[in-house]
Every structure is written in structure tokens, then in C-alpha cells.
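Chemist: My structure is stored as structure.csv, with CSV, C-alpha atoms.
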chain,number,residue,atom,x,y,z
R,849,MET,CA,68.3,-82.9,288.4
R,850,ARG,CA,70.7,-85.8,288.1
R,851,VAL,CA,70.7,-88.2,291.0
R,852,LEU,CA,73.5,-90.7,291.6
R,853,LEU,CA,72.3,-93.8,293.6
R,854,ARG,CA,74.4,-96.7,295.0
R,855,ASN,CA,74.1,-100.4,295.5
R,856,PRO,CA,73.9,-100.8,292.6
R,857,THR,CA,75.5,-97.6,291.3
R,858,ARG,CA,73.1,-95.9,288.8
R,859,GLU,CA,71.9,-92.4,287.7
R,860,ILE,CA,68.4,-91.2,287.3
R,861,GLU,CA,66.9,-87.9,286.1
R,862,ILE,CA,64.3,-86.1,288.2
R,863,ASP,CA,62.3,-83.2,286.7
R,864,GLY,CA,62.1,-79.9,288.7
R,865,ARG,CA,63.1,-78.8,292.2
R,866,ARG,CA,62.6,-80.8,295.3
R,867,ARG,CA,63.3,-80.6,299.0
R,868,VAL,CA,65.6,-83.4,300.3
R,869,HIS,CA,63.0,-85.1,302.4
R,870,ALA,CA,60.5,-85.0,299.5
R,871,LEU,CA,63.0,-86.6,297.1
R,872,LEU,CA,63.9,-89.4,299.5
R,873,ALA,CA,60.2,-90.1,300.1
R,874,GLU,CA,59.5,-90.1,296.3
R,875,LEU,CA,62.3,-92.7,295.9
R,876,ALA,CA,61.1,-94.7,298.9
R,877,LEU,CA,64.4,-94.2,300.7
R,878,ASN,CA,64.6,-94.0,304.5
R,879,ARG,CA,66.1,-90.7,305.7
R,880,GLU,CA,67.9,-92.5,308.5
R,881,SER,CA,69.7,-94.7,306.0
R,882,HIS,CA,70.9,-92.0,303.6
R,883,LEU,CA,72.8,-88.8,303.2
R,884,VAL,CA,72.2,-86.3,300.4
R,885,ILE,CA,75.4,-84.7,299.0
R,886,ARG,CA,75.7,-81.8,296.6
R,887,ASN,CA,79.1,-80.6,295.4
R,888,GLY,CA,80.8,-82.5,298.3
R,889,THR,CA,78.5,-80.9,300.9
R,890,LEU,CA,75.7,-82.4,302.9
R,891,VAL,CA,72.2,-81.1,302.4
R,892,PRO,CA,69.8,-81.3,305.3
R,893,GLY,CA,66.2,-82.6,305.1
R,894,ASP,CA,64.5,-79.3,304.3
R,895,GLY,CA,67.3,-78.2,301.9
R,896,GLU,CA,66.1,-77.4,298.4
R,897,LEU,CA,67.6,-79.1,295.4
R,898,GLY,CA,67.6,-77.2,292.1
R,899,ALA,CA,66.4,-78.6,288.8
R,900,ASP,CA,70.0,-78.5,287.4
R,901,ASP,CA,71.7,-79.9,290.5
R,902,VAL,CA,73.8,-83.0,290.4
R,903,ILE,CA,73.4,-84.8,293.7
R,904,GLU,CA,74.4,-88.1,295.3
R,905,ILE,CA,72.1,-90.1,297.6
R,906,ARG,CA,74.6,-92.1,299.6
R,907,PRO,CA,73.5,-95.1,301.6
R,908,VAL,CA,75.1,-95.3,305.0
R,909,ILE,CA,74.2,-98.9,306.0
R,910,SER,CA,77.0,-101.5,306.4
R,911,GLY,CA,76.2,-105.1,306.5
R,912,GLY,CA,79.1,-106.6,308.5
R,913,THR,CA,79.2,-107.2,312.2
L,1306,MET,CA,62.1,-67.9,299.3
L,1307,HIS,CA,62.5,-70.8,301.7
L,1308,VAL,CA,64.9,-70.1,304.5
L,1309,GLY,CA,66.7,-73.4,305.3
L,1310,SER,CA,67.1,-74.9,308.7
L,1311,LYS,CA,69.5,-73.4,311.2
L,1312,CYS,CA,72.2,-74.9,313.4
L,1313,ARG,CA,70.8,-75.4,316.9
L,1314,THR,CA,74.0,-74.0,318.4
L,1315,CYS,CA,75.0,-71.0,316.3
L,1316,ARG,CA,71.9,-70.3,314.0
L,1317,ARG,CA,74.1,-70.5,310.9
L,1318,PRO,CA,72.7,-72.6,308.0
L,1319,ALA,CA,72.6,-76.3,308.9
L,1320,ILE,CA,74.1,-79.1,306.8
L,1321,ILE,CA,72.5,-82.0,308.6
L,1322,ASP,CA,69.2,-82.8,310.4
L,1323,LEU,CA,69.3,-85.2,313.3
L,1324,PRO,CA,65.8,-86.2,314.1
L,1325,ARG,CA,66.8,-88.2,317.2
L,1326,HIS,CA,68.2,-85.0,318.7
L,1327,ASN,CA,65.3,-83.0,317.3
L,1328,ALA,CA,67.9,-80.6,315.9
L,1329,ASN,CA,69.9,-79.4,312.9
L,1330,PHE,CA,73.6,-78.6,312.9
L,1331,CYS,CA,76.2,-76.7,310.9
L,1332,ALA,CA,79.4,-78.6,310.0
L,1333,GLU,CA,81.4,-77.2,313.0
L,1334,HIS,CA,78.8,-78.0,315.6
L,1335,PHE,CA,77.9,-81.4,314.0
L,1336,LEU,CA,81.6,-82.4,314.4
L,1337,GLU,CA,81.5,-81.1,318.0
L,1338,LEU,CA,78.4,-83.2,318.7
L,1339,CYS,CA,80.2,-86.3,317.4
L,1340,ARG,CA,83.3,-85.6,319.5
L,1341,ARG,CA,81.2,-85.1,322.5
L,1342,GLN,CA,79.3,-88.4,322.0
L,1343,VAL,CA,82.6,-90.3,321.6
L,1344,VAL,CA,84.2,-88.7,324.6
L,1345,LYS,CA,81.1,-89.5,326.6
L,1346,ALA,CA,81.3,-93.2,325.6
L,1347,ILE,CA,85.0,-93.4,326.3
L,1348,GLU,CA,84.7,-91.8,329.7
L,1349,HIS,CA,81.4,-93.5,330.8
L,1350,PHE,CA,82.7,-97.0,329.9
L,1351,GLN,CA,86.3,-96.3,330.8
L,1352,MET,CA,87.4,-97.3,327.4
L,1353,LEU,CA,90.8,-95.6,327.0
L,1354,THR,CA,93.5,-93.7,328.9
L,1355,PRO,CA,96.0,-91.3,327.3
L,1356,ASP,CA,98.7,-94.0,328.0
L,1357,ASP,CA,97.1,-96.7,326.1
L,1358,ARG,CA,98.7,-98.2,323.0
L,1359,ILE,CA,95.7,-98.5,320.7
L,1360,LEU,CA,95.2,-100.7,317.7
L,1361,VAL,CA,92.3,-99.7,315.4
L,1362,ALA,CA,90.8,-102.4,313.2
L,1363,VAL,CA,90.4,-100.6,309.9
L,1364,SER,CA,88.4,-101.9,306.9
L,1365,GLY,CA,88.5,-98.8,304.7
L,1366,GLY,CA,84.8,-98.1,305.4
L,1367,LYS,CA,83.3,-95.1,307.1
L,1368,ASP,CA,83.1,-96.4,310.7
L,1369,SER,CA,86.7,-97.6,311.1
L,1370,LEU,CA,88.2,-94.5,309.4
L,1371,ALA,CA,85.9,-92.2,311.4
L,1372,VAL,CA,86.9,-93.8,314.7
L,1373,TRP,CA,90.6,-93.7,313.8
L,1374,ASP,CA,90.3,-90.1,312.8
L,1375,LEU,CA,88.3,-89.2,316.0
L,1376,LEU,CA,90.7,-90.9,318.3
L,1377,LEU,CA,93.7,-89.1,316.8
L,1378,GLU,CA,91.8,-85.8,317.0
L,1379,LEU,CA,91.1,-86.4,320.6
L,1380,GLY,CA,94.8,-86.9,321.2
L,1381,TYR,CA,95.1,-90.7,321.5
L,1382,ARG,CA,98.0,-92.6,319.9
L,1383,ALA,CA,96.6,-95.2,317.6
L,1384,ASP,CA,97.9,-97.6,314.9
L,1385,GLY,CA,95.8,-99.3,312.3
L,1386,LEU,CA,95.3,-102.9,311.4
L,1387,TYR,CA,93.9,-103.9,308.0
L,1388,VAL,CA,92.9,-107.5,307.1
L,1389,GLY,CA,92.7,-108.3,303.4
L,1390,LEU,CA,89.7,-110.7,303.2
L,1391,GLY,CA,90.2,-111.6,299.5
L,1392,ILE,CA,86.6,-110.6,298.5
L,1393,GLY,CA,87.6,-109.7,294.9
L,1394,GLU,CA,87.5,-106.0,293.8
L,1395,TYR,CA,85.7,-105.1,297.0
L,1396,SER,CA,88.7,-106.0,299.1
L,1397,ASP,CA,91.1,-104.3,296.6
L,1398,VAL,CA,89.2,-101.0,296.9
L,1399,SER,CA,88.7,-101.2,300.7
L,1400,GLY,CA,92.4,-101.9,301.2
L,1401,ALA,CA,93.3,-98.9,299.0
L,1402,HIS,CA,91.1,-96.6,301.1
L,1403,ALA,CA,92.7,-97.8,304.4
L,1404,LYS,CA,96.2,-97.5,303.0
L,1405,ALA,CA,95.6,-94.0,301.6
L,1406,PHE,CA,94.1,-92.8,304.9
L,1407,ALA,CA,97.2,-94.0,306.8
L,1408,ALA,CA,99.7,-92.8,304.2
L,1409,GLN,CA,98.2,-89.3,304.0
L,1410,ARG,CA,98.5,-88.9,307.7
L,1411,GLY,CA,101.8,-90.7,308.3
L,1412,LEU,CA,100.1,-93.4,310.4
L,1413,LYS,CA,101.3,-96.9,311.0
L,1414,LEU,CA,99.0,-99.5,309.3
L,1415,ILE,CA,99.7,-103.2,310.0
L,1416,GLU,CA,98.5,-105.3,307.0
L,1417,ILE,CA,97.5,-109.0,307.1
L,1418,SER,CA,96.4,-111.0,304.0
L,1419,LEU,CA,94.1,-113.9,304.6
L,1420,ARG,CA,95.2,-115.6,301.3
L,1421,GLY,CA,98.8,-114.6,301.6
L,1422,ASP,CA,99.3,-115.3,305.3
L,1423,TYR,CA,96.8,-118.0,306.0
L,1424,GLY,CA,96.1,-119.7,302.7
L,1425,TYR,CA,92.4,-118.9,302.2
L,1426,ASP,CA,90.0,-116.1,301.6
L,1427,ILE,CA,86.4,-115.4,302.7
L,1428,PRO,CA,84.6,-116.7,299.5
L,1429,THR,CA,86.6,-119.9,299.8
L,1430,ALA,CA,86.1,-120.3,303.5
L,1431,ALA,CA,82.3,-119.8,303.1
L,1432,SER,CA,82.1,-122.4,300.3
L,1433,ALA,CA,84.4,-124.9,302.0
L,1434,THR,CA,82.8,-124.8,305.4
L,1435,ARG,CA,79.2,-124.1,304.2
L,1436,ARG,CA,79.2,-121.2,306.6
L,1437,VAL,CA,77.3,-118.0,305.9
L,1438,PRO,CA,80.0,-115.7,304.4
L,1439,CYS,CA,79.6,-113.0,307.2
L,1440,SER,CA,80.1,-115.7,309.8
L,1441,ALA,CA,83.4,-116.9,308.3
L,1442,CYS,CA,84.4,-113.3,307.9
L,1443,GLY,CA,83.5,-112.3,311.5
L,1444,LEU,CA,85.3,-115.4,312.9
L,1445,SER,CA,88.4,-114.7,310.9
L,1446,LYS,CA,88.6,-111.0,311.7
L,1447,ARG,CA,87.9,-111.5,315.5
L,1448,HIS,CA,90.8,-114.0,315.7
L,1449,LEU,CA,93.2,-112.0,313.7
L,1450,PHE,CA,92.4,-108.7,315.5
L,1451,ASP,CA,92.9,-110.3,318.9
L,1452,LYS,CA,96.2,-112.0,317.8
L,1453,ALA,CA,97.6,-108.8,316.2
L,1454,ALA,CA,96.8,-106.8,319.3
L,1455,ILE,CA,98.4,-109.3,321.7
L,1456,ASP,CA,101.4,-109.9,319.5
L,1457,GLY,CA,102.0,-106.2,318.9
L,1458,GLY,CA,101.8,-105.3,322.6
L,1459,TYR,CA,98.8,-103.1,322.2
L,1460,THR,CA,96.7,-102.5,325.4
L,1461,VAL,CA,93.4,-101.9,323.6
L,1462,LEU,CA,91.8,-103.0,320.4
L,1463,VAL,CA,89.3,-100.5,318.9
L,1464,THR,CA,86.6,-101.4,316.4
L,1465,GLY,CA,84.3,-99.1,314.5
L,1466,HIS,CA,81.0,-100.6,315.6
L,1467,ASN,CA,78.4,-97.9,315.7
L,1468,LEU,CA,75.0,-97.6,317.4
L,1469,ASP,CA,73.2,-99.1,314.5
L,1470,ASP,CA,75.5,-102.1,314.5
L,1471,GLU,CA,75.0,-102.7,318.2
L,1472,ALA,CA,71.2,-102.1,318.0
L,1473,ALA,CA,70.9,-104.6,315.1
L,1474,VAL,CA,72.9,-107.3,316.9
L,1475,LEU,CA,70.9,-106.6,320.1
L,1476,LEU,CA,67.7,-107.1,318.2
L,1477,GLY,CA,68.9,-110.3,316.6
L,1478,ASN,CA,70.0,-111.7,320.0
L,1479,THR,CA,66.9,-110.6,321.7
L,1480,MET,CA,64.7,-112.2,319.0
L,1481,ARG,CA,66.3,-115.5,319.9
L,1482,TRP,CA,66.9,-114.8,323.6
L,1483,GLU,CA,70.6,-115.6,323.2
L,1484,ILE,CA,71.5,-114.9,326.8
L,1485,GLY,CA,75.2,-115.7,326.4
L,1486,TYR,CA,75.6,-113.3,323.4
L,1487,LEU,CA,73.5,-110.7,325.1
L,1488,ALA,CA,75.7,-110.8,328.2
L,1489,ARG,CA,78.8,-110.2,326.0
L,1490,GLN,CA,77.2,-107.4,324.0
L,1491,LEU,CA,79.1,-104.6,325.8
L,1492,PRO,CA,81.0,-101.6,324.4
L,1493,VAL,CA,84.0,-102.7,326.5
L,1494,LEU,CA,85.3,-106.2,327.1
L,1495,ALA,CA,88.2,-106.4,329.6
L,1496,ALA,CA,91.5,-108.0,328.7
L,1497,ARG,CA,92.1,-111.5,329.9
L,1498,ASP,CA,94.4,-114.4,329.0
L,1499,GLY,CA,94.8,-114.4,325.2
L,1500,PHE,CA,92.2,-111.7,324.6
L,1501,PRO,CA,93.0,-107.9,324.4
L,1502,LYS,CA,90.7,-105.3,325.9
L,1503,LYS,CA,88.2,-104.4,323.2
L,1504,VAL,CA,86.3,-101.2,323.0
L,1505,LYS,CA,83.7,-99.5,320.7
L,1506,PRO,CA,84.0,-95.7,321.0
L,1507,LEU,CA,81.3,-95.1,318.3
L,1508,CYS,CA,78.6,-96.9,320.2
L,1509,ARG,CA,76.7,-93.6,320.8
L,1510,LEU,CA,76.9,-92.5,317.1
L,1511,THR,CA,74.5,-93.8,314.4
L,1512,GLU,CA,76.0,-94.8,311.1
L,1513,ARG,CA,74.4,-91.9,309.4
L,1514,GLU,CA,76.4,-89.7,311.8
L,1515,THR,CA,79.7,-91.6,311.2
L,1516,ALA,CA,79.2,-91.3,307.4
L,1517,ALA,CA,78.4,-87.6,307.8
L,1518,TRP,CA,81.6,-87.2,309.9
L,1519,CYS,CA,83.6,-88.7,307.0
L,1520,VAL,CA,81.9,-86.4,304.4
L,1521,VAL,CA,82.4,-83.3,306.5
L,1522,ARG,CA,86.0,-84.2,307.3
L,1523,GLY,CA,86.8,-85.1,303.7
L,1524,ILE,CA,87.6,-88.7,304.4
L,1525,ASP,CA,87.5,-90.8,301.3
L,1526,TYR,CA,86.0,-94.2,302.3
L,1527,LEU,CA,84.6,-97.2,300.6
L,1528,VAL,CA,80.9,-96.5,300.1
L,1529,ASP,CA,79.8,-99.7,298.3
L,1530,GLU,CA,78.4,-102.5,300.4
L,1531,CYS,CA,80.3,-105.8,300.7
L,1532,PRO,CA,78.9,-108.1,297.9
L,1533,MET,CA,78.8,-111.0,300.3
L,1534,ALA,CA,76.8,-109.2,302.9
L,1535,ILE,CA,73.9,-108.4,300.6
L,1536,GLY,CA,70.7,-109.8,302.0
L,1537,ASN,CA,72.1,-110.9,305.3
L,1538,LYS,CA,70.1,-110.9,308.6
L,1539,HIS,CA,72.0,-108.0,310.1
L,1540,LEU,CA,70.9,-105.7,307.2
L,1541,GLY,CA,67.3,-107.0,307.7
L,1542,TYR,CA,67.5,-106.0,311.4
L,1543,LYS,CA,68.9,-102.6,310.5
L,1544,ALA,CA,66.1,-102.0,308.0
L,1545,THR,CA,63.5,-102.9,310.7
L,1546,LEU,CA,65.1,-100.6,313.2
L,1547,ASN,CA,65.3,-97.8,310.7
L,1548,ALA,CA,61.6,-98.2,309.8
L,1549,MET,CA,60.8,-97.8,313.5
L,1550,GLU,CA,63.3,-94.9,313.8
L,1551,ALA,CA,61.5,-93.0,310.9
L,1552,ASP,CA,58.2,-93.2,312.9
L,1553,SER,CA,59.8,-92.6,316.3
L,1554,PRO,CA,63.2,-90.8,316.2
L,1555,GLY,CA,65.4,-91.9,319.0
L,1556,SER,CA,64.1,-95.5,319.2
L,1557,LYS,CA,67.3,-97.1,318.2
L,1558,ALA,CA,69.4,-95.2,320.8
L,1559,ALA,CA,66.8,-95.9,323.5
L,1560,PHE,CA,66.7,-99.6,322.6
L,1561,TYR,CA,70.5,-100.0,322.8
L,1562,LEU,CA,71.6,-97.5,325.4
L,1563,ASN,CA,68.8,-98.5,327.8
L,1564,PHE,CA,69.9,-102.1,327.4
L,1565,LEU,CA,73.4,-101.2,328.5
L,1566,GLU,CA,72.1,-99.2,331.5
L,1567,ARG,CA,69.2,-101.5,332.6
L,1568,MET,CA,69.6,-105.0,331.2
L,1569,ALA,CA,73.3,-105.6,330.8
L,1570,PRO,CA,74.0,-105.4,334.5
L,1571,LEU,CA,71.5,-108.2,335.1
L,1572,LEU,CA,73.3,-110.5,332.7
L,1573,ALA,CA,76.8,-110.1,334.3
L,1574,ASP,CA,76.7,-113.5,335.9
L,1575,HIS,CA,76.3,-115.2,332.5
L,1576,LEU,CA,79.4,-113.4,331.3
L,1577,THR,CA,81.5,-114.8,334.2
L,1578,THR,CA,80.2,-118.3,333.6
L,1579,GLU,CA,81.2,-118.2,329.9
L,1580,ARG,CA,84.7,-116.9,330.7
L,1581,ASP,CA,85.5,-119.7,333.2
L,1582,ALA,CA,84.9,-122.4,330.5
L,1583,LEU,CA,87.7,-121.4,328.2
L,1584,VAL,CA,91.0,-123.3,327.5
L,1585,ALA,CA,94.0,-122.8,325.2
L,1586,CYS,CA,93.6,-123.9,321.6
L,1587,ALA,CA,95.8,-127.0,321.0
L,1588,THR,CA,97.0,-125.5,317.6
L,1589,CYS,CA,97.4,-121.8,318.2
L,1590,GLY,CA,97.0,-121.2,321.9
L,1591,ALA,CA,94.1,-118.8,321.6
L,1592,PRO,CA,91.3,-119.1,324.1
L,1593,THR,CA,88.6,-121.5,323.1
L,1594,SER,CA,85.8,-123.5,324.5
L,1595,GLY,CA,86.9,-126.6,322.5
L,1596,GLU,CA,90.2,-128.4,322.0
L,1597,VAL,CA,91.0,-126.6,318.7
L,1598,CYS,CA,89.6,-123.1,318.2
L,1599,ALA,CA,87.1,-122.3,315.5
L,1600,PHE,CA,89.6,-120.2,313.5
L,1601,CYS,CA,92.1,-123.0,313.3
L,1602,ARG,CA,89.4,-125.4,312.2
L,1603,LEU,CA,88.1,-123.0,309.6
L,1604,GLN,CA,91.6,-122.4,308.3
L,1605,ALA,CA,92.4,-126.1,308.1
L,1606,THR,CA,89.3,-126.7,305.9
L,1607,ALA,CA,89.4,-123.6,303.8
L,1608,SER,CA,93.2,-123.6,303.0
L,1609,GLU,CA,92.8,-127.2,301.6
L,1610,HIS,CA,90.0,-126.1,299.3
L,1611,ARG,CA,90.5,-124.8,295.8
L,1612,PRO,CA,90.1,-121.0,295.7
L,1613,VAL,CA,86.5,-119.9,295.0
L,1614,PRO,CA,86.0,-116.6,293.2
L,1615,VAL,CA,83.6,-114.1,294.9
L,1616,GLU,CA,81.4,-114.1,291.8
L,1617,MET,CA,80.5,-117.7,292.4
L,1618,MET,CA,79.3,-116.9,295.9
L,1619,THR,CA,77.2,-113.8,295.0
L,1620,ARG,CA,75.5,-114.9,291.8
L,1621,GLY,CA,71.8,-114.3,291.9
L,1622,ARG,CA,71.9,-112.0,294.9
L,1623,ARG,CA,70.2,-108.5,295.0
Take the structure from the file and write it as C-alpha cells.

Modeler:
Amino acid sequence: MRVLLRNPTREIEIDGRRRVHALLAELALNRESHLVIRNGTLVPGDGELGADDVIEIRPVISGGT
Amino acid sequence: MHVGSKCRTCRRPAIIDLPRHNANFCAEHFLELCRRQVVKAIEHFQMLTPDDRILVAVSGGKDSLAVWDLLLELGYRADGLYVGLGIGEYSDVSGAHAKAFAAQRGLKLIEISLRGDYGYDIPTAASATRRVPCSACGLSKRHLFDKAAIDGGYTVLVTGHNLDDEAAVLLGNTMRWEIGYLARQLPVLAARDGFPKKVKPLCRLTERETAAWCVVRGIDYLVDECPMAIGNKHLGYKATLNAMEADSPGSKAAFYLNFLERMAPLLADHLTTERDALVACATCGAPTSGEVCAFCRLQATASEHRPVPVEMMTRGRR
């Protein structure tokens, strides 16, 4: 699957299928700090991502006060 | 085949898991949960009334657009205020998001440009005063938000601070036992001479929830982080809290909301003492503890300085 990451913006390829929580763990990303989006729709933690999916892992943390 | 998680309310397929609620939700019931949390905050802290003239400080990011959207959905009348901070492309894009949101919905958006209206921008202010950029930014925004609300006759100023923001500030202030700051860390600050009433209706929603609100509602917001905020202490506190949250869901909410319930009342005397010590700024008339307020001092120094591009202030970060 193709995965879009932010800060900095970049794309990576992941082989095979994954559940969302497994993918986040593999990339060492905290679930509380990210949303996973496929075709404009949120995917929950146990949602399955297909090998051909294009997904965005969007950070939700803002630095300002 | 794996059957995905179900919405706690209707048993339809879920779109989001919220470990702190130990539940999953479909889009409809996630939005309902968010509305309920905001209504609870507004009512519990007596933030707003239907008659209020509300000014929402809007950055183009998820929180400010979400709170504006939520208030309108709940039936409140609310205009927006955007302050152009002059942080290069980041400010250009954030301004475009704020303006597009307002234009698409026919909303009033007041626009202020730090460079155009006050002769400086945040990179220049940070360089000229040797302040941390976020400090110069926060000082400028607070002053201009207050001024715009007072000048415009608004009865309440709304900001998009969320539960994560408040918990991170609380952690920072607690680590240093900043009693004065802790006393002021309330989701409602009453109006007084020169200051508008200020409220934070998102104080019961995490930023993952406010971001999800925007995605579900189709709100196009600025996702990228401010280049000047990278590596700041606030982000460090958030990372620490989120590491704890991953191990123990609900920790952040308990830390902040229990502070409001159990600790803040004990600090009320410190709030009163601080308020009594304020006088009018000799330059602009805003309330201040000195002769000239911090904003006027910052503006005087920064507007005399040659403009500093944001790239000079962010080199080597990340």
C-alpha cells in the first residue's frame, strides 16, 4: 500500500495488508496523535488496509498555545 | 473475514476508535458525541448564551475551524477573526483555509495583518526581541484578539484550545509550580476592564477528536505544523502525555478535568490578587502590570528591525 506521511510530507510503500493499529505500531506512531484516512474516510484501529490501498496517516498535534 | 468494530450506539460499522471512552463510533454518532461534549462544556462553565455576540479566533487549523463550525451548528451567532502572522508560506496557506471556510458559508471574517497593520511579523519579532517564536506569537495574538473583541463590541472571544492543549499547558505549569498561571488556566475567563470574556468550548475534546470532526464534516484545514513551533516545549509535553495516554487511556482527560474540578477552586485567591495589580498601558490603554504593555514593547522593537524571513529562523530544525 502507498502511505502518505506528514511533517515532513513524504510517501512510503508497505508490502501486504495491515490493520491500522499494526501499521501505526510498525511505523512507531502513537495512535492518540494520528488519524488514518482512506478515500477521505476515517479508518478505525482494527480496520483492515488492503495491499493496494492509498492511505494518509495524518498527525493531529498542533504546537501553538 | 474480519468483522470490523461497531458503533457503540447503533452497531453500524465504526469509523473511529476512542480508547478513552472504551468505544467505537460511526460518523453520525461520533459527531453527536462531539456536540454533546461541547454543549456540556458550554453549559457547565456557563460559557455562552444565545444572545452573545461571539468572535472566534481562527487560524485555519483544525481546532479553530471545528469550534466555529460547532458553534454555528449549535445555533450560536459567531464571526471569525484571522491574524496574519507573516510566517512565510505557512501563513499564506493558513489564511487561505480560514478565508475559504468563511466564504463558503457566507460568514464574516475580520482580518488583521501583523506586517500590514503593525509593521512586523513573527519571525522578525522573535529575532529582534530574542524571544522564543511561540512566545512572540502568543503575546501578539492574545493582545490582538482582545482588542478586536473589545473594539468590535463582541461579548465573548472563543478560542479553539482543546483538551490536549490545556493538558499540555497544565503539565508545563505544574512542572514549574507556576501558581499564577495555574490559577488562570480556566476554560472561562470573565470580562473585565479592557479584557473580553474568553472561553474554550473544545476543552473536553482531544485534538484527535477535533481533527476527526473536520475530516467527517469535510472541513479543509491546514494540516502541516507551524515551522516555528517544531521542537517547542509544548509539543514535548504533548508527546509525554500521549505516551501516558497510550498506556492508560483517559489519563489526559482525568489530569485536566480533575484539575478544573478539584484544584482550580483552591487557586481562586491567586487569580484575584493578579487581577488587582493591573493598570492601563501608557501607549495603547490595554490592561498591563507595567507602564507599557508587553505587546507595545514588542511592537516597538520588532517594527524597527529589518524583516527576517522565516527560513532564517527555522534553519537546522527537525

Chemist: Give one line per residue of chain L that approaches chain R to at most 9 Å, naming the two atoms of the closest pair and their distance in Å to one decimal, counting only C-alpha atoms; sort by chain then ascending residue number and deliver it as CSV.

Modeler:
residue,atom,partner,partner_atom,distance
L:His1307,CA,R:Glu896,CA,8.2
L:Val1308,CA,R:Gly895,CA,8.8
L:Gly1309,CA,R:Gly895,CA,5.9
L:Ser1310,CA,R:Asp894,CA,6.7
L:Ala1319,CA,R:Pro892,CA,6.8
L:Ile1320,CA,R:Pro892,CA,5.1
L:Ile1321,CA,R:Pro892,CA,4.3
L:Asp1322,CA,R:Pro892,CA,5.3
L:Leu1323,CA,R:Glu880,CA,8.8
L:Pro1324,CA,R:Glu880,CA,8.7
L:Asn1329,CA,R:Pro892,CA,7.8
L:Phe1330,CA,R:Pro892,CA,8.9
L:Ala1332,CA,R:Leu890,CA,8.9
L:Gly1366,CA,R:Ser910,CA,8.6
L:Lys1367,CA,R:Val908,CA,8.5
L:Cys1439,CA,R:Gly912,CA,6.5
L:Ser1440,CA,R:Thr913,CA,8.9
L:Cys1442,CA,R:Gly912,CA,8.6
L:Gly1443,CA,R:Thr913,CA,6.7
L:His1466,CA,R:Thr913,CA,7.6
L:Asp1469,CA,R:Ile909,CA,8.6
L:Asp1470,CA,R:Thr913,CA,6.7
L:Glu1471,CA,R:Thr913,CA,8.6
L:Val1474,CA,R:Thr913,CA,7.9
L:Thr1511,CA,R:Glu880,CA,8.9
L:Glu1512,CA,R:Val908,CA,6.2
L:Arg1513,CA,R:Val908,CA,5.6
L:Glu1514,CA,R:Val908,CA,8.9
L:Thr1515,CA,R:Val908,CA,8.6
L:Ala1516,CA,R:Val908,CA,6.2
L:Ala1517,CA,R:Leu883,CA,7.3
L:Val1520,CA,R:Gly888,CA,7.3
L:Val1521,CA,R:Thr889,CA,7.2
L:Gly1523,CA,R:Gly888,CA,8.5
L:Val1528,CA,R:Pro907,CA,7.7
L:Asp1529,CA,R:Asn855,CA,6.4
L:Glu1530,CA,R:Ser910,CA,6.2
L:Cys1531,CA,R:Gly911,CA,7.1
L:Met1533,CA,R:Gly911,CA,8.9
L:Ala1534,CA,R:Gly911,CA,5.5
L:Ile1535,CA,R:Gly911,CA,7.1
L:Gly1536,CA,R:Gly911,CA,8.5
L:Asn1537,CA,R:Gly911,CA,7.2
L:Lys1538,CA,R:Gly911,CA,8.7
L:His1539,CA,R:Gly911,CA,6.2
L:Leu1540,CA,R:Gly911,CA,5.4
L:Lys1543,CA,R:Ile909,CA,7.9
L:Ala1544,CA,R:Ser881,CA,8.4
L:Asn1547,CA,R:Glu880,CA,6.3
L:Ala1548,CA,R:Asn878,CA,7.4
L:Glu1550,CA,R:Glu880,CA,7.4
L:Ala1551,CA,R:Glu880,CA,6.9
L:Arg1623,CA,R:Pro856,CA,8.9

Chemist: Excluding range 1592-1606 of chain L and its own-chain neighbours fewer than 4 positions away, which residues fall within 10 Å of it when counting all atoms listed in the file? Please give them as a ChimeraX atom specification.

Modeler: /L:1419,1423-1426,1429-1431,1433-1434,1436,1441,1444-1449,1497-1500,1579-1588,1610

Chemist: Given all atoms listed in the file as the basis, pick out the residue of L:His1349, L:Arg1340, L:Arg1313, L:Arg1420 nearest to Ala1371 in chain L.

Modeler: L:Arg1340

Chemist: So that I can see what lies close to Asp900 in chain R, please list as a ChimeraX atom specification the residues with an atom at most 7 Å from it, counting all atoms listed in the file and leaving out residues fewer than 2 positions away in the same chain.

Modeler: /R:849,898,902

Chemist: Which of these residues is nearest to Pro1355 in chain L, using only C-alpha atoms: L:Gly1389, L:Gly1555, L:Gly1380, L:Gly1457?

Modeler: L:Gly1380

Chemist: For Leu1414 in chain L, work out the shell of residues within 9 Å, counting all atoms listed in the file and skipping chain neighbours fewer than 5 positions away, then give it as an MDAnalysis selection string.

Modeler: chainID L and resid 1363 1384:1387 1403:1404 1407:1408

Chemist: Can I get the selection written as a PDB file, in the frame of the given file, with C-alpha atoms?

Modeler:
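This is the output file out05.pdb:
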ATOM      1  CA  VAL L1363      90.400-100.600 309.900  1.00  0.00           C
ATOM      2  CA  ASP L1384      97.900 -97.600 314.900  1.00  0.00           C
ATOM      3  CA  GLY L1385      95.800 -99.300 312.300  1.00  0.00           C
ATOM      4  CA  LEU L1386      95.300-102.900 311.400  1.00  0.00           C
ATOM      5  CA  TYR L1387      93.900-103.900 308.000  1.00  0.00           C
ATOM      6  CA  ALA L1403      92.700 -97.800 304.400  1.00  0.00           C
ATOM      7  CA  LYS L1404      96.200 -97.500 303.000  1.00  0.00           C
ATOM      8  CA  ALA L1407      97.200 -94.000 306.800  1.00  0.00           C
ATOM      9  CA  ALA L1408      99.700 -92.800 304.200  1.00  0.00           C
TER      10      ALA L1408
END

Chemist: One decimal, in Å: what's the spacing between CA of Leu1379 in chain L and CA of Phe1564 in chain L?

Modeler: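 For CA of Leu1379 in chain L relative to CA of Phe1564 in chain L, the distance reads 27.2 Å.
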
Chemist: Could you tell me how far CA of Lys1452 in chain L lies from CA of Ala1607 in chain L, in Å and to one decimal?

Modeler: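 Between CA of Lys1452 in chain L and CA of Ala1607 in chain L the gap is 19.4 Å.
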
Chemist: Tell me, in Å to one decimal, how far CA of Leu852 in chain R is from CA of Glu904 in chain R.

Modeler: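 Interatomic distance, CA of Leu852 in chain R to CA of Glu904 in chain R: 4.6 Å.
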
Chemist: Report as a PyMOL selection string all protein, DNA and RNA residues lying within 10 Å of Gly1458 in chain L, evaluated on only C-alpha atoms, omitting residues in the same chain fewer than 6 positions from it.

Modeler: chain L and resi 1358-1360+1452+1501

Chemist: Closest to Met1617 in chain L among L:Ile1392, L:Met1480, L:Val1504, L:Leu1527, using only C-alpha atoms?

Modeler: L:Ile1392

Chemist: Could you list, as a list in words, every residue within 12 Å of Gly1485 in chain L, counting all atoms listed in the file and ignoring same-chain residues fewer than 2 positions away?

Modeler: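 Everything that qualifies: Leu1475, Asn1478, Thr1479, Arg1481, Trp1482, Glu1483, Leu1487, Ala1488, Arg1489, Gln1490, Leu1491, Ala1569, Leu1572, Ala1573, Asp1574, His1575, Leu1576, Thr1577, Thr1578, Glu1579 and Arg1580 of chain L.
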